[in-house]
file entry_25.txt (compact mmCIF, C-alpha atoms and all ligand atoms)
# COMPACT_ATOMS: atom_id res chain seq x y z
CA MET B 287 111.35 119.49 -163.56
CA SER B 288 108.20 118.46 -165.31
CA THR B 289 105.55 118.56 -162.63
CA ASP B 290 101.82 118.21 -163.09
CA THR B 291 100.83 121.62 -161.79
CA ALA B 292 97.21 120.64 -161.25
CA ALA B 293 98.30 118.02 -158.80
CA THR B 294 100.05 120.17 -156.26
CA THR B 295 99.07 121.58 -152.90
CA THR B 296 99.09 124.83 -150.98
CA THR B 297 99.78 125.73 -147.37
CA ALA B 298 97.50 127.65 -145.05
CA GLU B 299 100.24 130.27 -144.82
CA ASP B 300 100.18 130.76 -148.58
CA ASN B 301 96.42 131.00 -148.46
CA ALA B 302 96.41 134.01 -146.21
CA GLY B 303 99.37 135.70 -147.84
CA ALA B 304 98.05 135.45 -151.37
CA GLN B 305 94.84 137.19 -150.45
CA ALA B 306 96.37 140.07 -148.60
CA ASN B 307 95.90 142.72 -151.28
CA PRO B 308 93.38 144.94 -149.48
CA ALA B 309 95.67 144.76 -146.48
CA ALA B 310 98.80 145.60 -148.42
CA ASN B 311 101.22 148.52 -148.11
CA GLN B 312 99.91 149.73 -144.81
CA THR B 313 103.22 150.78 -143.31
CA GLN B 314 102.18 154.46 -143.36
CA ASN B 315 98.40 154.33 -143.21
CA GLN B 316 96.90 152.16 -140.49
CA ALA B 317 93.24 153.08 -141.15
CA VAL B 318 90.84 150.12 -141.12
CA THR B 319 88.72 150.47 -144.25
CA ASP B 320 85.49 148.71 -145.22
CA GLU B 321 87.47 146.91 -147.91
CA LEU B 322 89.83 145.50 -145.30
CA ARG B 323 86.89 144.44 -143.11
CA ARG B 324 85.34 142.63 -146.10
CA TRP B 325 88.66 140.89 -146.77
CA ILE B 326 88.98 139.73 -143.15
CA ILE B 327 85.44 138.28 -143.31
CA GLU B 328 86.21 136.54 -146.61
CA GLN B 329 89.30 134.91 -145.16
CA ALA B 330 87.46 133.71 -142.06
CA GLU B 331 84.53 132.32 -144.06
CA ALA B 332 86.90 130.55 -146.46
CA GLY B 333 88.37 128.70 -143.47
CA CYS B 334 91.69 130.58 -143.12
CA ARG B 335 93.15 130.32 -139.66
CA PRO B 336 93.24 133.57 -137.64
CA ASP B 337 97.00 133.16 -137.20
CA ASP B 338 97.47 133.10 -140.97
CA VAL B 339 95.27 136.16 -141.49
CA LEU B 340 97.24 138.02 -138.82
CA LYS B 341 100.51 136.95 -140.40
CA ALA B 342 99.39 138.16 -143.83
CA MET B 343 98.42 141.54 -142.38
CA LYS B 344 101.70 141.87 -140.52
CA THR B 345 103.63 140.99 -143.67
CA ALA B 346 101.66 143.71 -145.44
CA GLY B 347 102.86 146.25 -142.89
CA TRP B 348 100.10 146.34 -140.28
CA ALA B 349 101.13 146.77 -136.66
CA GLU B 350 100.18 143.63 -134.71
CA ASP B 351 97.91 145.42 -132.22
CA VAL B 352 96.05 147.29 -134.97
CA ALA B 353 95.65 144.08 -136.99
CA LEU B 354 94.39 142.12 -133.97
CA ASP B 355 91.87 144.83 -133.05
CA ALA B 356 90.67 145.04 -136.66
CA MET B 357 90.18 141.26 -136.83
CA GLU B 358 88.42 141.05 -133.51
CA ASP B 359 86.08 143.99 -134.13
CA THR B 360 85.27 142.90 -137.67
CA LEU B 361 84.55 139.27 -136.83
CA ARG B 362 82.54 140.10 -133.73
CA ALA B 363 80.40 142.51 -135.76
CA ARG B 364 79.96 139.85 -138.46
CA LEU B 365 78.77 137.26 -135.94
CA ASP B 366 76.31 139.77 -134.44
CA GLU B 367 75.05 140.51 -137.93
CA LEU B 368 74.49 136.83 -138.77
CA GLY B 369 72.96 135.80 -135.46
CA PRO B 370 73.85 132.60 -133.61
CA ARG B 371 72.37 130.03 -136.03
CA LYS B 372 72.88 131.72 -139.34
CA SER B 373 76.53 132.41 -138.65
CA ARG B 374 77.41 128.73 -138.65
CA GLU B 375 75.20 127.79 -141.61
CA GLN B 376 76.44 130.58 -143.82
CA ALA B 377 80.09 130.08 -143.03
CA LEU B 378 80.07 126.49 -144.33
CA PRO B 379 79.58 125.49 -147.94
CA PRO B 380 77.54 122.27 -148.47
CA GLY B 381 79.36 118.93 -148.47
CA VAL B 382 79.79 116.78 -151.59
CA PRO B 383 80.06 112.95 -151.91
CA VAL B 384 83.52 111.61 -151.05
CA PRO B 385 85.44 108.35 -151.45
CA SER B 386 84.64 105.87 -148.69
CA PRO B 387 85.88 102.32 -148.01
CA ASP B 388 83.25 99.69 -147.12
CA TYR B 389 84.24 98.89 -143.59
CA ASP B 390 81.90 96.81 -141.45
CA GLU B 391 83.49 96.48 -138.05
CA THR B 392 81.27 93.51 -137.17
CA LYS B 393 82.89 91.48 -139.97
CA GLY B 394 86.42 91.94 -138.68
CA PRO B 395 89.22 94.43 -139.28
CA VAL B 396 89.83 93.51 -142.91
CA ILE B 397 88.60 94.85 -146.26
CA ASP B 398 88.88 92.37 -149.13
CA VAL B 399 89.75 94.21 -152.34
CA ASP B 400 89.50 91.65 -155.15
CA GLY B 401 91.36 89.09 -153.07
CA HIS B 402 93.91 91.54 -151.61
CA ARG B 403 93.28 91.80 -147.87
CA VAL B 404 93.73 95.27 -146.38
CA GLN B 405 93.80 95.59 -142.59
CA VAL B 406 91.83 98.39 -140.92
CA LEU B 407 94.14 99.67 -138.19
CA MET B 408 92.14 102.77 -137.28
CA SER B 409 88.95 104.44 -138.47
CA MET B 410 87.69 107.84 -137.40
CA THR B 411 84.79 109.94 -138.67
CA ASP B 412 85.68 113.55 -137.81
CA PRO B 413 88.03 114.07 -139.52
CA ARG B 414 87.34 111.17 -141.88
CA VAL B 415 90.61 109.27 -141.55
CA MET B 416 91.42 105.57 -141.88
CA ILE B 417 94.77 103.92 -141.33
CA LEU B 418 95.15 100.84 -143.50
CA GLY B 419 97.64 98.00 -143.17
CA GLY B 420 99.13 96.11 -146.10
CA LEU B 421 97.65 98.19 -148.91
CA LEU B 422 100.83 97.41 -150.87
CA THR B 423 103.09 94.38 -150.54
CA ASP B 424 106.80 94.87 -149.75
CA GLU B 425 107.64 93.95 -153.35
CA GLU B 426 105.18 96.52 -154.74
CA CYS B 427 106.72 99.20 -152.49
CA ASP B 428 110.24 98.33 -153.65
CA GLN B 429 109.18 98.36 -157.30
CA MET B 430 107.44 101.73 -156.97
CA ARG B 431 110.58 103.26 -155.44
CA ALA B 432 112.76 101.78 -158.17
CA LEU B 433 110.45 103.12 -160.90
CA ALA B 434 110.31 106.59 -159.35
CA ALA B 435 113.95 107.03 -158.27
CA PRO B 436 115.47 108.08 -161.62
CA ARG B 437 112.78 110.74 -162.12
CA LEU B 438 112.90 112.50 -158.73
CA ALA B 439 113.37 116.28 -158.63
CA ARG B 440 112.82 118.96 -155.97
CA SER B 441 109.09 119.08 -155.18
CA GLU B 442 106.97 121.98 -156.29
CA THR B 443 103.68 123.34 -155.00
CA VAL B 444 100.99 125.39 -156.64
CA ASP B 445 101.51 129.11 -157.32
CA ASN B 446 98.35 130.62 -155.84
CA THR B 447 98.18 133.50 -158.24
CA THR B 448 98.57 131.71 -161.55
CA GLY B 449 97.76 128.08 -160.78
CA GLY B 450 101.26 127.16 -162.04
CA SER B 451 103.95 125.55 -159.90
CA GLU B 452 106.89 126.79 -157.83
CA VAL B 453 109.50 125.37 -155.47
CA ASN B 454 108.23 125.90 -151.93
CA ALA B 455 110.12 125.79 -148.63
CA ALA B 456 107.07 124.16 -147.01
CA ARG B 457 107.89 120.95 -148.85
CA THR B 458 111.53 119.94 -148.77
CA SER B 459 111.17 116.56 -150.43
CA ASP B 460 111.99 115.33 -153.94
CA GLY B 461 109.11 114.11 -156.05
CA MET B 462 107.76 112.90 -159.37
CA PHE B 463 104.39 112.06 -160.92
CA PHE B 464 103.34 108.98 -162.81
CA GLU B 465 100.76 109.32 -165.55
CA ARG B 466 97.60 107.48 -164.62
CA GLY B 467 98.02 103.86 -165.70
CA GLU B 468 101.59 104.55 -166.80
CA THR B 469 102.88 101.05 -166.03
CA GLY B 470 101.23 97.74 -165.20
CA LEU B 471 102.13 98.13 -161.54
CA VAL B 472 100.88 101.72 -161.31
CA ASP B 473 97.63 100.68 -163.00
CA LYS B 474 97.18 97.74 -160.63
CA ILE B 475 97.71 99.94 -157.56
CA GLU B 476 95.37 102.63 -158.87
CA ARG B 477 92.62 100.08 -159.47
CA ARG B 478 93.12 98.60 -156.00
CA ILE B 479 92.78 102.05 -154.43
CA ALA B 480 89.71 102.85 -156.56
CA ARG B 481 87.98 99.63 -155.46
CA LEU B 482 89.01 100.13 -151.86
CA VAL B 483 87.56 103.63 -151.54
CA ASN B 484 84.69 103.14 -154.01
CA TRP B 485 85.74 105.99 -156.25
CA PRO B 486 86.22 105.83 -160.05
CA VAL B 487 89.81 105.27 -161.16
CA GLU B 488 89.22 108.03 -163.75
CA ASN B 489 88.75 110.57 -160.96
CA GLY B 490 92.27 109.96 -159.65
CA GLU B 491 95.24 112.17 -160.37
CA GLY B 492 98.44 110.41 -161.38
CA VAL B 493 100.28 108.89 -158.40
CA GLN B 494 102.93 111.16 -156.90
CA VAL B 495 106.03 109.66 -155.26
CA LEU B 496 107.95 111.73 -152.69
CA ARG B 497 111.30 111.02 -151.08
CA TYR B 498 112.22 112.83 -147.87
CA ARG B 499 115.84 112.86 -146.67
CA PRO B 500 116.82 113.63 -143.05
CA GLY B 501 115.47 117.06 -142.12
CA ALA B 502 112.95 117.09 -144.97
CA GLU B 503 109.30 117.64 -144.15
CA TYR B 504 105.96 118.69 -145.57
CA LYS B 505 104.48 121.46 -143.45
CA PRO B 506 100.80 121.18 -142.47
CA HIS B 507 98.43 122.00 -145.33
CA HIS B 508 95.09 121.02 -146.79
CA ASP B 509 95.07 118.95 -149.96
CA TYR B 510 91.98 120.69 -151.40
CA PHE B 511 92.45 123.82 -153.47
CA ASP B 512 91.44 126.90 -151.56
CA PRO B 513 88.62 128.67 -153.43
CA VAL B 514 89.91 132.07 -152.34
CA HIS B 515 93.00 131.82 -154.54
CA PRO B 516 92.91 133.39 -157.99
CA GLY B 517 94.61 130.32 -159.53
CA THR B 518 92.08 127.81 -158.18
CA ALA B 519 89.43 128.23 -160.90
CA ARG B 520 91.90 127.04 -163.51
CA ILE B 521 92.93 124.02 -161.44
CA LEU B 522 89.31 122.99 -160.85
CA GLU B 523 88.65 122.80 -164.60
CA ARG B 524 90.35 119.39 -164.51
CA GLY B 525 87.86 117.31 -162.55
CA GLY B 526 86.71 119.70 -159.83
CA GLN B 527 87.95 119.67 -156.25
CA ARG B 528 90.07 117.08 -154.56
CA VAL B 529 87.85 115.13 -152.17
CA GLY B 530 90.15 112.39 -150.87
CA THR B 531 93.80 111.42 -150.39
CA VAL B 532 95.62 108.14 -149.92
CA VAL B 533 99.23 108.45 -148.67
CA ILE B 534 101.03 105.09 -148.94
CA TYR B 535 104.31 104.51 -147.11
CA LEU B 536 106.82 102.90 -149.47
CA ASN B 537 109.35 102.25 -146.70
CA THR B 538 109.63 102.50 -142.92
CA PRO B 539 111.88 105.46 -142.05
CA GLU B 540 114.44 104.90 -139.29
CA GLY B 541 113.23 108.00 -137.45
CA GLY B 542 110.51 110.67 -137.77
CA GLY B 543 108.34 111.20 -140.83
CA GLY B 544 104.92 110.57 -139.27
CA THR B 545 101.89 112.03 -141.01
CA THR B 546 100.37 114.51 -138.58
CA PHE B 547 96.79 115.80 -138.26
CA PRO B 548 97.30 118.79 -135.94
CA ASP B 549 93.58 119.60 -135.56
CA VAL B 550 93.04 116.31 -133.72
CA GLY B 551 96.51 115.54 -132.37
CA LEU B 552 96.92 112.45 -134.55
CA VAL B 553 100.28 111.15 -135.77
CA VAL B 554 100.26 108.26 -138.24
CA ALA B 555 103.40 106.14 -137.95
CA PRO B 556 104.89 105.52 -141.39
CA VAL B 557 105.10 101.75 -141.91
CA LYS B 558 106.05 100.16 -145.23
CA GLY B 559 102.96 99.09 -147.21
CA ASN B 560 100.50 100.86 -144.89
CA ALA B 561 98.46 103.89 -145.87
CA ALA B 562 96.59 106.88 -144.46
CA PHE B 563 93.26 107.58 -146.20
CA PHE B 564 91.38 110.81 -145.54
CA ALA B 565 88.43 112.54 -147.19
CA TYR B 566 87.07 116.09 -147.16
CA ASP B 567 83.56 116.89 -148.36
CA LYS B 568 84.20 120.61 -148.66
CA ALA B 569 87.20 122.80 -149.32
CA HIS B 570 87.09 124.02 -145.76
CA ALA B 571 89.17 123.76 -142.60
CA SER B 572 86.10 122.49 -140.72
CA THR B 573 86.90 119.08 -142.27
CA LYS B 574 89.84 119.01 -139.80
CA THR B 575 92.01 117.47 -142.52
CA LEU B 576 94.95 119.79 -141.98
CA HIS B 577 97.90 117.40 -142.20
CA GLY B 578 101.65 117.38 -142.67
CA GLY B 579 104.70 115.16 -142.99
CA ALA B 580 106.82 115.53 -139.84
CA PRO B 581 110.58 115.98 -140.37
CA VAL B 582 112.51 112.80 -141.04
CA THR B 583 115.16 112.43 -138.36
CA ALA B 584 117.04 109.38 -139.64
CA GLY B 585 117.12 107.48 -142.91
CA GLU B 586 114.76 108.26 -145.78
CA LYS B 587 110.98 108.35 -146.07
CA TRP B 588 109.22 107.42 -149.31
CA VAL B 589 105.50 107.87 -149.94
CA ALA B 590 103.14 107.48 -152.87
CA THR B 591 100.18 109.87 -152.80
CA LYS B 592 96.91 109.41 -154.68
CA TRP B 593 94.55 112.40 -154.80
CA MET B 594 90.97 111.93 -155.90
CA ARG B 595 88.81 114.52 -157.64
CA GLU B 596 85.03 115.00 -157.70
CA ARG B 597 84.87 114.12 -161.39
CA GLU B 598 87.03 112.59 -164.12
CA PHE B 599 90.56 114.02 -164.03
CA LYS B 600 91.60 114.55 -167.65
O1 LIG V 1 104.43 112.36 -146.64
C1 LIG V 1 103.48 112.63 -145.92
O2 LIG V 1 103.35 112.11 -144.80
C2 LIG V 1 102.51 113.60 -146.42
C3 LIG V 1 101.99 114.49 -145.54
C4 LIG V 1 101.09 115.41 -146.00
C5 LIG V 1 102.12 113.65 -147.73
C6 LIG V 1 101.19 114.59 -148.11
N1 LIG V 1 100.67 115.45 -147.26
C7 LIG V 1 100.69 114.72 -149.48
O3 LIG V 1 101.30 114.08 -150.36
O4 LIG V 1 99.69 115.43 -149.70
ZN ZN V 2 98.93 116.52 -148.20
call {"tool": "encode", "arguments": {"input": "entry_25.txt", "output": "structure tokens"}}
result
Amino acid sequence: MSTDTAATTTTAEDNAGAQANPAANQTQNQAVTDELRRWIIEQAEAGCRPDDVLKAMKTAGWAEDVALDAMEDTLRARLDELGPRKSREQALPPGVPVPSPDYDETKGPVIDVDGHRVQVLMSMTDPRVMILGGLLTDEECDQMRALAAPRLARSETVDNTTGGSEVNAARTSDGMFFERGETGLVDKIERRIARLVNWPVENGEGVQVLRYRPGAEYKPHHDYFDPVHPGTARILERGGQRVGTVVIYLNTPEGGGGTTFPDVGLVVAPVKGNAAFFAYDKAHASTKTLHGGAPVTAGEKWVATKWMREREFK
């Protein structure tokens, strides 16, 4: 399939696994080296979840108790070294500007985007998430599905080592990408999104359409590109980091398929024409924007995803 490799995502599991080199091939030798301690610190400071780091070490051959002790000792020593205030400051990179809808609650739960009225169904600051009603009309949803259907192929995600793409069990949907502005309808939707979130249309990746069949899901992941991966530098050459996502529901599945935010226990019900917007000002788990597509239990689920970069996406 022809997939835009720069517009794909990774999972937290991949993140830990891809960085496991200093921890590798430890079936025989279970000695905790300085190199391994440095690697554990790097993973933690890049926002990898402890479970993922442990998993990567176990995959590399470490016994669970040795790996757990090594993680605990190393991270405790690191925190002591940094001191209580410095530890938090140093662990977090600075935030960058992000897309943001103009929502003034005192003026009612509607944002007028050039005459198209979008309902604000929910707005939350940490993580920055908004649920929007009626971003697309029913007809626009139907047309997007019809345009995408003939071009669907098994979805791919980024290969962490090379920055290329690969089929990944974490995402069991079929997908395709539109070029930015590829058709009149795509262009209209992209401009509506750009106005809604106050972010240049040029900074947007091409819209991706995904179709999930019963049982298909998209396991929890972050949409930003993890800086710890060797392939990330290449991906960032095209417009820098992703800083925001709009997932638009192109139909209402008969069962399942909610968009989940596990860090805050949020499940967004997929409703045709509605959308979930979320933004992340750093490529870090502290943004709490871990999210996934829950398994579809009946019928199909169709979404269109728009990812926004820091700069022009060429
Ligand atoms: O389809 C979804 O609900 C979903 C969930 C998580 C889509 C995406 N991520 C995405 O396209 O990034
Ligand atoms: Zn996502």
call {"tool": "closest_residue", "arguments": {"input": "entry_25.txt", "among": "B:Leu552, B:Ala480, B:Ile326, B:Ala561", "to": "Pro387 of chain B", "atoms": "all atoms listed in the file"}}
result
B:Ala480
call {"tool": "residues_near_ligand", "arguments": {"input": "entry_25.txt", "ligand": "ligand ZN 2 (chain V)", "cutoff": "8 Å", "atoms": "all atoms listed in the file", "output": "list in words"}}
result
Thr295, Tyr504, Pro506, His507, His508, Asp509, Thr531, His577, Gly578 and Gly579 of chain B
call {"tool": "axis_aligned_box", "arguments": {"input": "entry_25.txt", "around": "segment 575-592 of chain B", "padding_each_side": "5 Å", "output": "lines of an AutoDock Vina configuration file"}}
result
center_x = 104.6
center_y = 113.6
center_z = -146.5
size_x = 35.1
size_y = 22.4
size_z = 26.3
call {"tool": "atom_distance", "arguments": {"input": "entry_25.txt", "atom1": "atom CA of Leu438 of chain B", "atom2": "atom C7 of ligand LIG 1 (chain V)"}}
result
15.5 Å
call {"tool": "residues_around", "arguments": {"input": "entry_25.txt", "residues": "segment 467-473 of chain B", "least_positions_apart": "5", "cutoff": "8 Å", "atoms": "only C-alpha atoms", "output": "PyMOL selection string"}}
result
chain B and resi 426+430+492-493
call {"tool": "write_last_selection", "arguments": {"input": "entry_25.txt", "atoms": "C-alpha atoms", "output": "PDB file, in the coordinates of the input"}}
result
ATOM      1  CA  GLU B 426     105.180  96.520-154.740  1.00  0.00           C
ATOM      2  CA  MET B 430     107.440 101.730-156.970  1.00  0.00           C
ATOM      3  CA  GLY B 492      98.440 110.410-161.380  1.00  0.00           C
ATOM      4  CA  VAL B 493     100.280 108.890-158.400  1.00  0.00           C
TER       5      VAL B 493
END
call {"tool": "closest_atom_pairs", "arguments": {"input": "entry_25.txt", "of": "chain B", "to": "ligand LIG 1 (chain V)", "cutoff": "10 Å", "atoms": "only C-alpha atoms and all ligand atoms", "output": "CSV"}}
result
residue,atom,partner,partner_atom,distance
B:Ala293,CA,V:LIG1,O4,9.6
B:Thr294,CA,V:LIG1,O4,8.1
B:Thr295,CA,V:LIG1,O4,7.0
B:Thr296,CA,V:LIG1,O4,9.5
B:Arg457,CA,V:LIG1,N1,9.2
B:Ser459,CA,V:LIG1,O1,8.8
B:Gly461,CA,V:LIG1,O3,9.7
B:Val493,CA,V:LIG1,O3,9.6
B:Gln494,CA,V:LIG1,O3,7.3
B:Val495,CA,V:LIG1,O3,8.1
B:Leu496,CA,V:LIG1,O1,7.0
B:Arg497,CA,V:LIG1,O1,8.3
B:Tyr498,CA,V:LIG1,O1,7.9
B:Ala502,CA,V:LIG1,O1,9.9
B:Glu503,CA,V:LIG1,O1,7.6
B:Tyr504,CA,V:LIG1,C3,5.8
B:Lys505,CA,V:LIG1,C4,7.4
B:Pro506,CA,V:LIG1,C4,6.8
B:His507,CA,V:LIG1,C4,7.1
B:His508,CA,V:LIG1,O4,7.8
B:Asp509,CA,V:LIG1,O4,5.8
B:Tyr510,CA,V:LIG1,O4,9.5
B:Thr531,CA,V:LIG1,O4,7.2
B:Val532,CA,V:LIG1,O3,8.2
B:Val533,CA,V:LIG1,C5,6.0
B:Ile534,CA,V:LIG1,O1,8.3
B:Tyr535,CA,V:LIG1,O1,7.9
B:Gly543,CA,V:LIG1,O2,6.4
B:Gly544,CA,V:LIG1,O2,6.0
B:Thr545,CA,V:LIG1,O2,4.1
B:Thr546,CA,V:LIG1,C3,7.1
B:Phe547,CA,V:LIG1,C4,8.9
B:Val553,CA,V:LIG1,O2,9.6
B:Val554,CA,V:LIG1,O2,8.2
B:Ala555,CA,V:LIG1,O2,9.1
B:Pro556,CA,V:LIG1,O2,7.6
B:Ala561,CA,V:LIG1,O2,9.6
B:Ala562,CA,V:LIG1,O2,8.6
B:Thr575,CA,V:LIG1,C4,9.9
B:Leu576,CA,V:LIG1,C4,8.5
B:His577,CA,V:LIG1,C4,5.3
B:Gly578,CA,V:LIG1,C4,3.9
B:Gly579,CA,V:LIG1,C3,3.8
B:Ala580,CA,V:LIG1,O2,7.0
B:Pro581,CA,V:LIG1,O2,9.3
B:Val582,CA,V:LIG1,O1,9.8
B:Lys587,CA,V:LIG1,O1,7.7
B:Trp588,CA,V:LIG1,O1,7.4
B:Val589,CA,V:LIG1,O1,5.7
B:Ala590,CA,V:LIG1,O3,7.3
B:Thr591,CA,V:LIG1,O3,5.0
B:Lys592,CA,V:LIG1,O3,7.7
B:Trp593,CA,V:LIG1,O4,7.8
call {"tool": "closest_residue", "arguments": {"input": "entry_25.txt", "among": "B:Arg414, B:Met594, B:Thr538, B:Trp348", "to": "Glu476 of chain B", "atoms": "all atoms listed in the file"}}
result
B:Met594
call {"tool": "closest_residue", "arguments": {"input": "entry_25.txt", "among": "B:Leu522, B:Leu340, B:Val399, B:Ala356", "to": "Gln316 of chain B", "atoms": "only C-alpha atoms"}}
result
B:Ala356
call {"tool": "closest_residue", "arguments": {"input": "entry_25.txt", "among": "B:Gly381, B:Pro413, B:Pro336, B:Pro436", "to": "Met357 of chain B", "atoms": "only C-alpha atoms"}}
result
B:Pro336
call {"tool": "closest_residue", "arguments": {"input": "entry_25.txt", "among": "B:Arg499, B:Val557, B:Ile327, B:Thr319", "to": "Leu368 of chain B", "atoms": "only C-alpha atoms"}}
result
B:Ile327
